[in-house]
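Heads up, query-v8.csv below (CSV, C-alpha atoms):
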chain,number,residue,atom,x,y,z
I,1,MET,CA,-15.1,-8.0,-43.0
I,2,GLU,CA,-15.2,-4.3,-43.3
I,3,LYS,CA,-14.5,-2.3,-40.2
I,4,THR,CA,-17.5,-0.3,-39.0
I,5,LEU,CA,-16.8,3.1,-37.6
I,6,PRO,CA,-18.5,4.3,-34.5
I,7,LYS,CA,-20.1,7.8,-34.2
I,8,ILE,CA,-18.4,9.9,-31.6
I,9,GLU,CA,-20.7,12.6,-30.4
I,10,ILE,CA,-19.3,15.4,-28.3
I,11,ILE,CA,-21.8,17.6,-26.5
I,12,GLU,CA,-20.1,21.0,-26.4
I,13,LYS,CA,-22.6,22.4,-24.0
I,14,TYR,CA,-21.3,19.9,-21.4
I,15,CYS,CA,-17.6,19.8,-22.3
I,16,LYS,CA,-15.4,21.8,-19.8
I,17,GLY,CA,-12.1,21.2,-21.8
I,18,CYS,CA,-10.3,19.1,-19.1
I,19,HIS,CA,-8.2,17.2,-21.7
I,20,ILE,CA,-8.9,13.8,-20.0
I,21,CYS,CA,-10.4,12.2,-23.2
I,22,VAL,CA,-7.6,13.5,-25.4
I,23,GLU,CA,-4.7,12.4,-23.2
I,24,PHE,CA,-6.1,8.9,-22.3
I,25,CYS,CA,-7.2,7.9,-25.8
I,26,PRO,CA,-4.9,4.9,-26.6
I,27,LYS,CA,-5.2,5.6,-30.4
I,28,ASP,CA,-4.9,9.4,-30.3
I,29,CYS,CA,-8.3,9.9,-32.0
I,30,LEU,CA,-9.3,13.1,-30.3
I,31,GLU,CA,-7.8,16.6,-30.1
I,32,MET,CA,-8.7,19.9,-28.5
I,33,LYS,CA,-10.2,22.3,-30.9
I,34,GLY,CA,-10.2,25.6,-29.1
I,35,PHE,CA,-11.9,25.1,-25.7
I,36,TYR,CA,-13.7,21.8,-26.6
I,37,ALA,CA,-12.6,18.3,-27.4
I,38,SER,CA,-13.2,17.2,-31.0
I,39,VAL,CA,-12.6,14.1,-33.2
I,40,LYS,CA,-9.3,14.1,-35.0
I,41,ASN,CA,-9.0,10.7,-36.5
I,42,LEU,CA,-12.1,8.6,-36.4
I,43,GLU,CA,-10.6,5.9,-38.6
I,44,ALA,CA,-8.2,4.9,-35.8
I,45,CYS,CA,-11.0,4.4,-33.2
I,46,ILE,CA,-11.1,0.9,-31.7
I,47,LYS,CA,-14.3,1.5,-29.7
I,48,CYS,CA,-12.5,1.0,-26.4
I,49,MET,CA,-14.9,3.5,-24.8
I,50,GLN,CA,-12.2,4.9,-22.5
I,51,CYS,CA,-13.2,8.5,-23.5
I,52,GLU,CA,-16.8,7.9,-22.7
I,53,LEU,CA,-16.0,6.1,-19.4
I,54,ARG,CA,-13.6,8.8,-18.2
I,55,CYS,CA,-15.3,12.0,-19.3
I,56,PRO,CA,-16.4,13.5,-16.0
I,57,ASP,CA,-18.9,15.8,-17.7
I,58,PHE,CA,-21.1,13.3,-19.6
I,59,ALA,CA,-20.0,15.1,-22.8
I,60,ILE,CA,-18.8,12.1,-25.0
I,61,LYS,CA,-20.9,9.4,-26.4
I,62,VAL,CA,-19.4,6.6,-28.5
I,63,ILE,CA,-22.3,5.3,-30.6
I,64,THR,CA,-21.6,1.8,-32.1
I,65,GLU,CA,-24.2,0.0,-34.2
R,1,MET,CA,-23.8,1.1,-27.8
R,2,ALA,CA,-23.2,4.2,-25.8
R,3,PHE,CA,-24.5,3.9,-22.3
R,4,ASP,CA,-27.7,5.8,-21.7
R,5,TYR,CA,-26.9,8.0,-18.6
R,6,ASP,CA,-29.8,10.3,-19.4
R,7,LYS,CA,-32.3,7.8,-17.9
R,8,TRP,CA,-30.8,8.5,-14.4
R,9,ILE,CA,-30.2,12.2,-14.8
R,10,ARG,CA,-32.7,14.8,-13.7
R,11,PRO,CA,-33.7,16.7,-16.9
R,12,GLY,CA,-32.0,20.1,-17.3
R,13,LYS,CA,-29.5,19.6,-14.5
R,14,LEU,CA,-26.4,19.1,-16.6
R,15,PRO,CA,-23.7,20.5,-17.0
R,16,HIS,CA,-22.9,19.9,-13.4
R,17,ILE,CA,-21.0,22.4,-11.1
R,18,TRP,CA,-17.8,20.3,-10.7
R,19,CYS,CA,-14.6,21.9,-12.0
R,20,PRO,CA,-13.0,20.8,-15.2
R,21,GLY,CA,-11.2,17.5,-14.6
R,22,CYS,CA,-12.8,16.7,-11.3
R,23,GLY,CA,-13.2,13.0,-10.8
R,24,HIS,CA,-16.6,13.3,-9.0
R,25,GLY,CA,-18.3,13.1,-12.5
R,26,ILE,CA,-16.5,9.8,-13.2
R,27,VAL,CA,-17.7,8.4,-9.9
R,28,MET,CA,-21.3,9.5,-10.6
R,29,LYS,CA,-21.1,7.7,-13.9
R,30,GLY,CA,-19.9,4.6,-12.2
R,31,LEU,CA,-22.7,4.8,-9.7
R,32,ILE,CA,-25.3,5.2,-12.5
R,33,ARG,CA,-23.9,2.2,-14.3
R,34,ALA,CA,-24.0,0.2,-11.1
R,35,MET,CA,-27.6,1.1,-10.5
R,36,GLU,CA,-28.5,0.2,-14.1
R,37,THR,CA,-26.6,-3.2,-13.8
R,38,LEU,CA,-28.6,-4.0,-10.6
R,39,LYS,CA,-31.8,-2.8,-12.3
R,40,LEU,CA,-32.7,-0.8,-9.2
R,41,GLU,CA,-36.1,0.9,-9.1
R,42,LYS,CA,-36.0,4.7,-8.8
R,43,ASN,CA,-38.6,4.6,-6.1
R,44,ASP,CA,-36.8,2.0,-4.1
R,45,THR,CA,-33.4,3.7,-4.1
R,46,ALA,CA,-32.4,6.6,-1.9
R,47,ILE,CA,-29.2,8.5,-2.3
R,48,VAL,CA,-28.2,10.5,0.8
R,49,SER,CA,-25.5,13.0,1.1
R,50,GLY,CA,-24.1,15.7,3.4
R,51,ILE,CA,-22.4,18.9,2.3
R,52,GLY,CA,-19.5,19.4,0.0
R,53,CYS,CA,-18.6,19.0,-3.7
R,54,ALA,CA,-19.1,15.3,-3.7
R,55,SER,CA,-22.4,15.7,-1.8
R,56,ARG,CA,-23.8,17.7,-4.7
R,57,LEU,CA,-24.1,14.3,-6.5
R,58,PRO,CA,-27.7,13.4,-5.5
R,59,GLY,CA,-29.0,16.6,-7.0
R,60,TYR,CA,-28.3,15.3,-10.4
R,61,ILE,CA,-29.6,11.8,-10.1
R,62,ASP,CA,-33.3,11.0,-10.7
R,63,CYS,CA,-34.3,8.8,-7.8
R,64,CYS,CA,-35.2,9.4,-4.1
R,65,THR,CA,-32.5,11.8,-2.9
R,66,LEU,CA,-31.7,13.5,0.4
R,67,HIS,CA,-29.3,16.4,0.8
R,68,THR,CA,-28.7,16.9,4.5
R,69,ALA,CA,-26.5,18.7,7.1
R,70,HIS,CA,-22.7,18.6,6.9
R,71,GLY,CA,-21.4,15.2,7.8
R,72,ARG,CA,-24.8,13.9,8.8
R,73,ALA,CA,-25.5,11.7,5.8
R,74,ALA,CA,-25.0,8.5,7.8
R,75,ALA,CA,-27.4,9.7,10.5
R,76,PHE,CA,-30.2,10.6,8.1
R,77,ALA,CA,-29.6,7.5,6.0
R,78,THR,CA,-29.9,5.3,9.1
R,79,GLY,CA,-33.3,6.9,9.7
R,80,VAL,CA,-34.4,6.2,6.1
R,81,LYS,CA,-33.2,2.6,6.3
R,82,MET,CA,-34.9,2.0,9.7
R,83,ALA,CA,-38.2,3.4,8.4
R,84,LYS,CA,-38.0,1.5,5.1
R,85,PRO,CA,-35.7,-1.5,5.5
R,86,GLU,CA,-36.6,-2.7,1.9
R,87,MET,CA,-35.0,0.4,0.4
R,88,ASN,CA,-31.6,0.5,-1.2
R,89,VAL,CA,-29.8,3.3,0.7
R,90,ILE,CA,-26.7,4.7,-0.8
R,91,LEU,CA,-24.6,7.4,0.9
R,92,VAL,CA,-22.3,9.7,-1.0
R,93,GLY,CA,-19.8,12.2,0.3
R,94,GLY,CA,-16.3,13.4,0.4
R,95,ASP,CA,-13.5,12.7,2.8
R,96,GLY,CA,-14.0,15.9,4.8
R,97,ASP,CA,-17.8,15.3,5.1
R,98,GLY,CA,-17.4,11.6,5.9
R,99,THR,CA,-14.3,11.3,8.1
R,100,ALA,CA,-14.0,14.7,9.9
R,101,ILE,CA,-17.3,16.5,10.4
R,102,GLY,CA,-19.3,13.2,10.0
R,103,GLY,CA,-16.5,11.0,11.4
R,104,ASN,CA,-18.5,9.9,14.4
R,105,HIS,CA,-21.6,9.1,12.4
R,106,PHE,CA,-19.4,7.2,10.0
R,107,ILE,CA,-17.8,4.9,12.6
R,108,HIS,CA,-21.0,4.2,14.3
R,109,ALA,CA,-22.8,3.3,11.1
R,110,CYS,CA,-19.9,0.9,10.5
R,111,ARG,CA,-20.2,-0.5,14.0
R,112,ARG,CA,-23.9,-1.2,13.6
R,113,ASN,CA,-23.4,-2.9,10.3
R,114,ILE,CA,-26.6,-1.5,8.9
R,115,ASP,CA,-27.3,-2.5,5.3
R,116,MET,CA,-26.2,0.7,3.4
R,117,THR,CA,-23.5,1.6,1.0
R,118,TYR,CA,-21.2,4.5,1.6
R,119,ILE,CA,-19.3,5.9,-1.4
R,120,ILE,CA,-16.5,8.2,-0.1
R,121,MET,CA,-14.8,10.3,-2.7
R,122,ASN,CA,-11.4,11.0,-1.2
R,123,ASN,CA,-9.8,14.0,-2.9
R,124,TYR,CA,-7.6,14.7,0.1
R,125,ILE,CA,-9.1,18.2,0.8
R,126,TYR,CA,-12.1,20.2,1.5
R,127,GLY,CA,-12.8,21.4,-2.0
R,128,MET,CA,-16.0,23.5,-1.8
R,129,THR,CA,-15.2,25.5,1.3
R,130,GLY,CA,-11.9,26.7,0.0
R,131,GLY,CA,-9.2,24.1,0.1
R,132,GLN,CA,-8.7,23.6,3.9
R,133,PHE,CA,-6.8,20.5,4.9
R,134,SER,CA,-8.9,17.4,5.7
R,135,PRO,CA,-8.1,14.4,7.8
R,136,CYS,CA,-7.0,12.7,4.6
R,137,THR,CA,-4.5,15.3,3.5
R,138,PRO,CA,-1.1,13.5,3.4
R,139,THR,CA,1.6,14.7,5.8
R,140,GLY,CA,3.6,17.6,4.3
R,141,HIS,CA,1.1,18.5,1.7
R,142,LYS,CA,-0.2,22.0,1.3
R,143,ALA,CA,-3.7,23.3,1.8
R,144,SER,CA,-5.1,26.8,2.2
R,145,THR,CA,-4.9,26.4,6.0
R,146,THR,CA,-1.5,24.6,6.0
R,147,PRO,CA,0.5,26.8,3.6
R,148,TYR,CA,3.8,25.4,5.0
R,149,GLY,CA,2.8,21.8,4.8
R,150,ASN,CA,0.4,19.7,6.8
R,151,PRO,CA,1.9,18.3,10.0
R,152,ASP,CA,-0.8,15.7,10.7
R,153,PRO,CA,-0.7,12.1,9.4
R,154,GLY,CA,-3.7,11.3,7.1
R,155,PHE,CA,-6.5,8.8,7.8
R,156,ASP,CA,-6.6,5.5,5.9
R,157,ILE,CA,-10.4,5.4,5.3
R,158,ALA,CA,-10.5,1.7,4.4
R,159,LYS,CA,-8.6,0.7,7.5
R,160,LEU,CA,-10.8,3.0,9.6
R,161,ALA,CA,-13.9,1.4,8.2
R,162,ILE,CA,-12.6,-2.2,8.8
R,163,GLY,CA,-11.5,-1.3,12.3
R,164,ALA,CA,-14.9,0.3,13.1
R,165,GLY,CA,-16.7,-2.9,12.0
R,166,ALA,CA,-17.9,-2.4,8.4
R,167,THR,CA,-18.3,-5.7,6.7
R,168,PHE,CA,-17.4,-4.8,3.1
R,169,VAL,CA,-14.6,-2.4,2.3
R,170,ALA,CA,-13.3,-1.7,-1.2
R,171,ARG,CA,-11.2,1.0,-2.8
R,172,GLY,CA,-11.0,2.2,-6.3
R,173,THR,CA,-9.7,5.3,-8.1
R,174,ALA,CA,-11.2,7.8,-10.5
R,175,PHE,CA,-8.6,6.8,-13.1
R,176,HIS,CA,-9.7,3.2,-13.1
R,177,ALA,CA,-13.3,4.1,-14.2
R,178,ASN,CA,-14.2,0.6,-15.4
R,179,GLN,CA,-13.6,-0.8,-11.9
R,180,ILE,CA,-15.8,1.7,-10.0
R,181,ASP,CA,-19.2,0.3,-11.1
R,182,LYS,CA,-18.1,-3.3,-10.4
R,183,LEU,CA,-17.0,-2.3,-6.8
R,184,ILE,CA,-20.3,-0.4,-6.2
R,185,VAL,CA,-22.4,-3.3,-7.6
R,186,GLU,CA,-20.7,-5.7,-5.1
R,187,ALA,CA,-21.1,-3.2,-2.3
R,188,ILE,CA,-24.8,-2.7,-2.9
R,189,GLN,CA,-25.4,-6.5,-3.1
R,190,HIS,CA,-23.6,-7.0,0.2
R,191,LYS,CA,-25.9,-7.3,3.2
R,192,GLY,CA,-24.4,-5.1,5.8
R,193,PHE,CA,-22.5,-1.8,5.9
R,194,SER,CA,-20.3,-1.4,2.8
R,195,VAL,CA,-17.8,1.3,2.2
R,196,VAL,CA,-16.3,2.1,-1.2
R,197,GLU,CA,-13.5,4.6,-1.1
R,198,ILE,CA,-12.7,6.2,-4.4
R,199,LEU,CA,-9.5,8.1,-4.7
R,200,ASP,CA,-10.2,11.3,-6.6
R,201,ASP,CA,-8.5,14.4,-7.8
R,202,CYS,CA,-9.2,18.0,-7.0
R,203,PRO,CA,-7.3,20.0,-9.5
R,204,THR,CA,-8.6,23.4,-8.3
R,205,THR,CA,-7.8,23.5,-4.6
R,206,TYR,CA,-5.4,20.5,-4.1
R,207,GLY,CA,-3.5,20.1,-7.3
R,208,ARG,CA,-2.7,23.7,-7.7
R,209,ARG,CA,-1.1,24.0,-4.3
R,210,ASN,CA,0.8,20.7,-4.5
R,211,LYS,CA,2.6,21.2,-7.8
R,212,TYR,CA,0.4,19.1,-10.0
R,213,LYS,CA,0.5,21.1,-13.2
R,214,SER,CA,-2.6,19.6,-14.8
R,215,VAL,CA,-5.5,17.2,-14.4
R,216,ILE,CA,-3.6,14.7,-16.4
R,217,GLU,CA,-0.7,14.7,-13.9
R,218,MET,CA,-3.2,14.1,-11.1
R,219,MET,CA,-4.8,11.2,-13.0
R,220,ASN,CA,-1.4,9.7,-13.8
R,221,ARG,CA,-0.6,9.9,-10.0
R,222,LEU,CA,-3.7,7.8,-9.3
R,223,LYS,CA,-2.6,5.4,-12.0
R,224,GLU,CA,0.9,5.0,-10.5
R,225,VAL,CA,-0.1,4.6,-6.8
R,226,ALA,CA,-2.9,2.1,-7.3
R,227,VAL,CA,-2.0,-1.5,-6.9
R,228,PRO,CA,-4.6,-4.3,-7.2
R,229,VAL,CA,-4.9,-6.5,-4.1
R,230,LYS,CA,-3.9,-9.6,-6.0
R,231,ALA,CA,-0.8,-8.0,-7.5
R,232,ALA,CA,0.2,-6.7,-4.1
R,233,GLU,CA,0.4,-10.3,-2.7
R,234,LYS,CA,3.4,-10.9,-4.9
R,235,MET,CA,5.1,-7.6,-4.1
R,236,THR,CA,7.6,-6.9,-1.3
R,237,ALA,CA,7.1,-4.4,1.4
R,238,GLU,CA,9.7,-2.1,-0.3
R,239,GLN,CA,7.9,-2.2,-3.6
R,240,LEU,CA,4.6,-1.4,-1.8
R,241,GLN,CA,6.0,1.7,-0.2
R,242,GLY,CA,3.9,4.7,-1.1
R,243,LYS,CA,1.4,2.5,-3.0
R,244,VAL,CA,-2.4,2.2,-2.3
R,245,LEU,CA,-4.2,-1.1,-2.5
R,246,THR,CA,-7.3,-1.2,-4.7
R,247,GLY,CA,-10.1,-3.7,-5.1
R,248,VAL,CA,-12.1,-5.5,-2.5
R,249,LEU,CA,-10.0,-5.2,0.7
R,250,TYR,CA,-12.3,-6.8,3.3
R,251,LYS,CA,-15.5,-8.9,3.2
R,252,GLU,CA,-17.3,-10.6,6.1
R,253,GLU,CA,-20.6,-12.4,5.5
R,254,ASN,CA,-21.6,-13.6,9.0
R,255,LYS,CA,-21.9,-10.5,11.1
R,256,PRO,CA,-25.6,-9.8,12.0
R,257,GLU,CA,-27.2,-6.9,10.1
R,258,TYR,CA,-28.8,-4.1,12.1
R,259,THR,CA,-32.3,-3.8,10.6
R,260,SER,CA,-33.0,-7.5,10.9
R,261,GLU,CA,-31.6,-7.5,14.5
R,262,TYR,CA,-33.9,-4.6,15.3
R,263,ALA,CA,-36.9,-6.4,13.8
R,264,LYS,CA,-36.2,-9.2,16.3
R,265,VAL,CA,-36.1,-6.6,19.2
R,266,ILE,CA,-39.6,-5.3,18.0
R,267,GLU,CA,-40.8,-8.9,17.9
R,268,ARG,CA,-39.6,-9.6,21.5
R,269,ALA,CA,-41.0,-6.3,22.8
R,270,SER,CA,-44.4,-7.0,21.2
R,271,ALA,CA,-44.5,-10.5,22.6
R,272,ALA,CA,-43.8,-9.2,26.1
R,273,LYS,CA,-47.0,-7.1,26.3

Show the structure stored in the file as structure tokens.
Amino acid sequence: MEKTLPKIEIIEKYCKGCHICVEFCPKDCLEMKGFYASVKNLEACIKCMQCELRCPDFAIKVITE
Amino acid sequence: MAFDYDKWIRPGKLPHIWCPGCGHGIVMKGLIRAMETLKLEKNDTAIVSGIGCASRLPGYIDCCTLHTAHGRAAAFATGVKMAKPEMNVILVGGDGDGTAIGGNHFIHACRRNIDMTYIIMNNYIYGMTGGQFSPCTPTGHKASTTPYGNPDPGFDIAKLAIGAGATFVARGTAFHANQIDKLIVEAIQHKGFSVVEILDDCPTTYGRRNKYKSVIEMMNRLKEVAVPVKAAEKMTAEQLQGKVLTGVLYKEENKPEYTSEYAKVIERASAAK
């Protein structure tokens, strides 16, 4: 079965650049691009939702299906 | 599917005022997930808070909310609950608001065992007012009013709540985000006064003064000190040195609840006429 990729939406208006999502992503999918978080490697995402759970600023949405 | 937090957020209120990396946002998300899990009605849920960073939380949530005087969340919430016993009353606040300025209200709400849930975000300091030491600041740690180290021993909020008579006491951390909503769900379902202490981080006024270089270091500290209650049973006293237990620490089902006891008083008084 082919792996379906999620859509990771980062709302830059809400992001405060705290690095929490980047540091605690187990698959190293995210990176800081300037002040904001952004997606580095979507292929590696395992949809564990840790970034969405831990983002204190409501700035990340991991949309699956 | 991504969780839809927007349903519970007042339109136009985000981004919130909390500093980058502050755990209060993580706790707020946990509370929203818990309310969604329990399918609470917005009109039947009241969130009450005092003053402080953590007490800004009700301003963002779209249900009945009450932002009151410093430390008086428990007093106002008791009034709400007595007037409308069918309402789900949730209190939120920080460690300074809950255990110092509102310490007396807190212990007496525990003693009465009134059916409310108190979520205390313990970030070890008064954040909003400028980083003064709170009763939860650990001994030796620095705050703006204790620049050479705090001489006082800190409160253990969970033990204080158990000692004062709360019937459900749990502890989580902002790092273990997945556990927060589960603890809050259990606390809201519990009939009686329930306290959920969430260990939090304050990178701006606490971390900076206590040599935590970044938010990530503070989060990693929470990860290291937290030990689940079940894992702690197999550990020796030496291994538990400096650790903090997390999970449901205390639960008692049989203690009478205050609003139902008070209803009996009203019944007796009406019959006596």

- request: Work out how far apart atom CA of Ala109 of chain R and atom CA of Ala74 of chain R are and give it in Å to one decimal.
  value: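 Separation of atom CA of Ala109 of chain R and atom CA of Ala74 of chain R: 6.5 Å.
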
task: For each of R:Asn220, R:Thr37, R:Thr65, R:Asn150, take the minimum atom-to-atom distance to chain I, counting only C-alpha atoms, then give the residue where this is smallest.
output: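 Among R:Asn220, R:Thr37, R:Thr65, R:Asn150, it is R:Asn220 that comes nearest to chain I.
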
Skipping near chain neighbours, those fewer than 5 positions away, what residues fall within 10 Å of segment 35-39 of chain I using only C-alpha atoms, listed as a CSV table (one decimal) with C-alpha atoms, in the frame of the given file?
chain,number,residue,atom,x,y,z
I,7,LYS,CA,-20.1,7.8,-34.2
I,8,ILE,CA,-18.4,9.9,-31.6
I,9,GLU,CA,-20.7,12.6,-30.4
I,10,ILE,CA,-19.3,15.4,-28.3
I,11,ILE,CA,-21.8,17.6,-26.5
I,12,GLU,CA,-20.1,21.0,-26.4
I,13,LYS,CA,-22.6,22.4,-24.0
I,14,TYR,CA,-21.3,19.9,-21.4
I,15,CYS,CA,-17.6,19.8,-22.3
I,16,LYS,CA,-15.4,21.8,-19.8
I,17,GLY,CA,-12.1,21.2,-21.8
I,18,CYS,CA,-10.3,19.1,-19.1
I,19,HIS,CA,-8.2,17.2,-21.7
I,20,ILE,CA,-8.9,13.8,-20.0
I,21,CYS,CA,-10.4,12.2,-23.2
I,22,VAL,CA,-7.6,13.5,-25.4
I,28,ASP,CA,-4.9,9.4,-30.3
I,29,CYS,CA,-8.3,9.9,-32.0
I,30,LEU,CA,-9.3,13.1,-30.3
I,45,CYS,CA,-11.0,4.4,-33.2
I,59,ALA,CA,-20.0,15.1,-22.8
I,60,ILE,CA,-18.8,12.1,-25.0

query: Hey, which of I:Lys33, I:Phe58, I:Asn41, I:Leu53 ends up closest to Pro6 of chain I? Count all atoms listed in the file.
result: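 Of all the options, I:Asn41 lies closest to Pro6 of chain I.
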
message: Based on only C-alpha atoms, which of the residues in chain I come within 6 Å of chain R? I want them as a ChimeraX atom specification.
response: /I:14,16,18,54,56-57,61-64

- request: May I ask for the distance between atom CA of Tyr250 of chain R and atom CA of Ile90 of chain R, given in Å to one decimal place?
  value: 18.9 Å

Contact residues around Val244 of chain R with all atoms listed in the file at 8 Å, ignoring same-chain residues under 6 positions, as a JSON list (two decimals) with C-alpha atoms, in the coordinates of the input:
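File written: result.json
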[["chain", "number", "residue", "atom", "x", "y", "z"],
["R", 225, "VAL", "CA", -0.10, 4.60, -6.80],
["R", 226, "ALA", "CA", -2.90, 2.10, -7.30],
["R", 227, "VAL", "CA", -2.00, -1.50, -6.90]]

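Computed from the coordinates, the atom CA of Asp95 of chain R to atom CA of Arg171 of chain R distance equals 13.2 Å.
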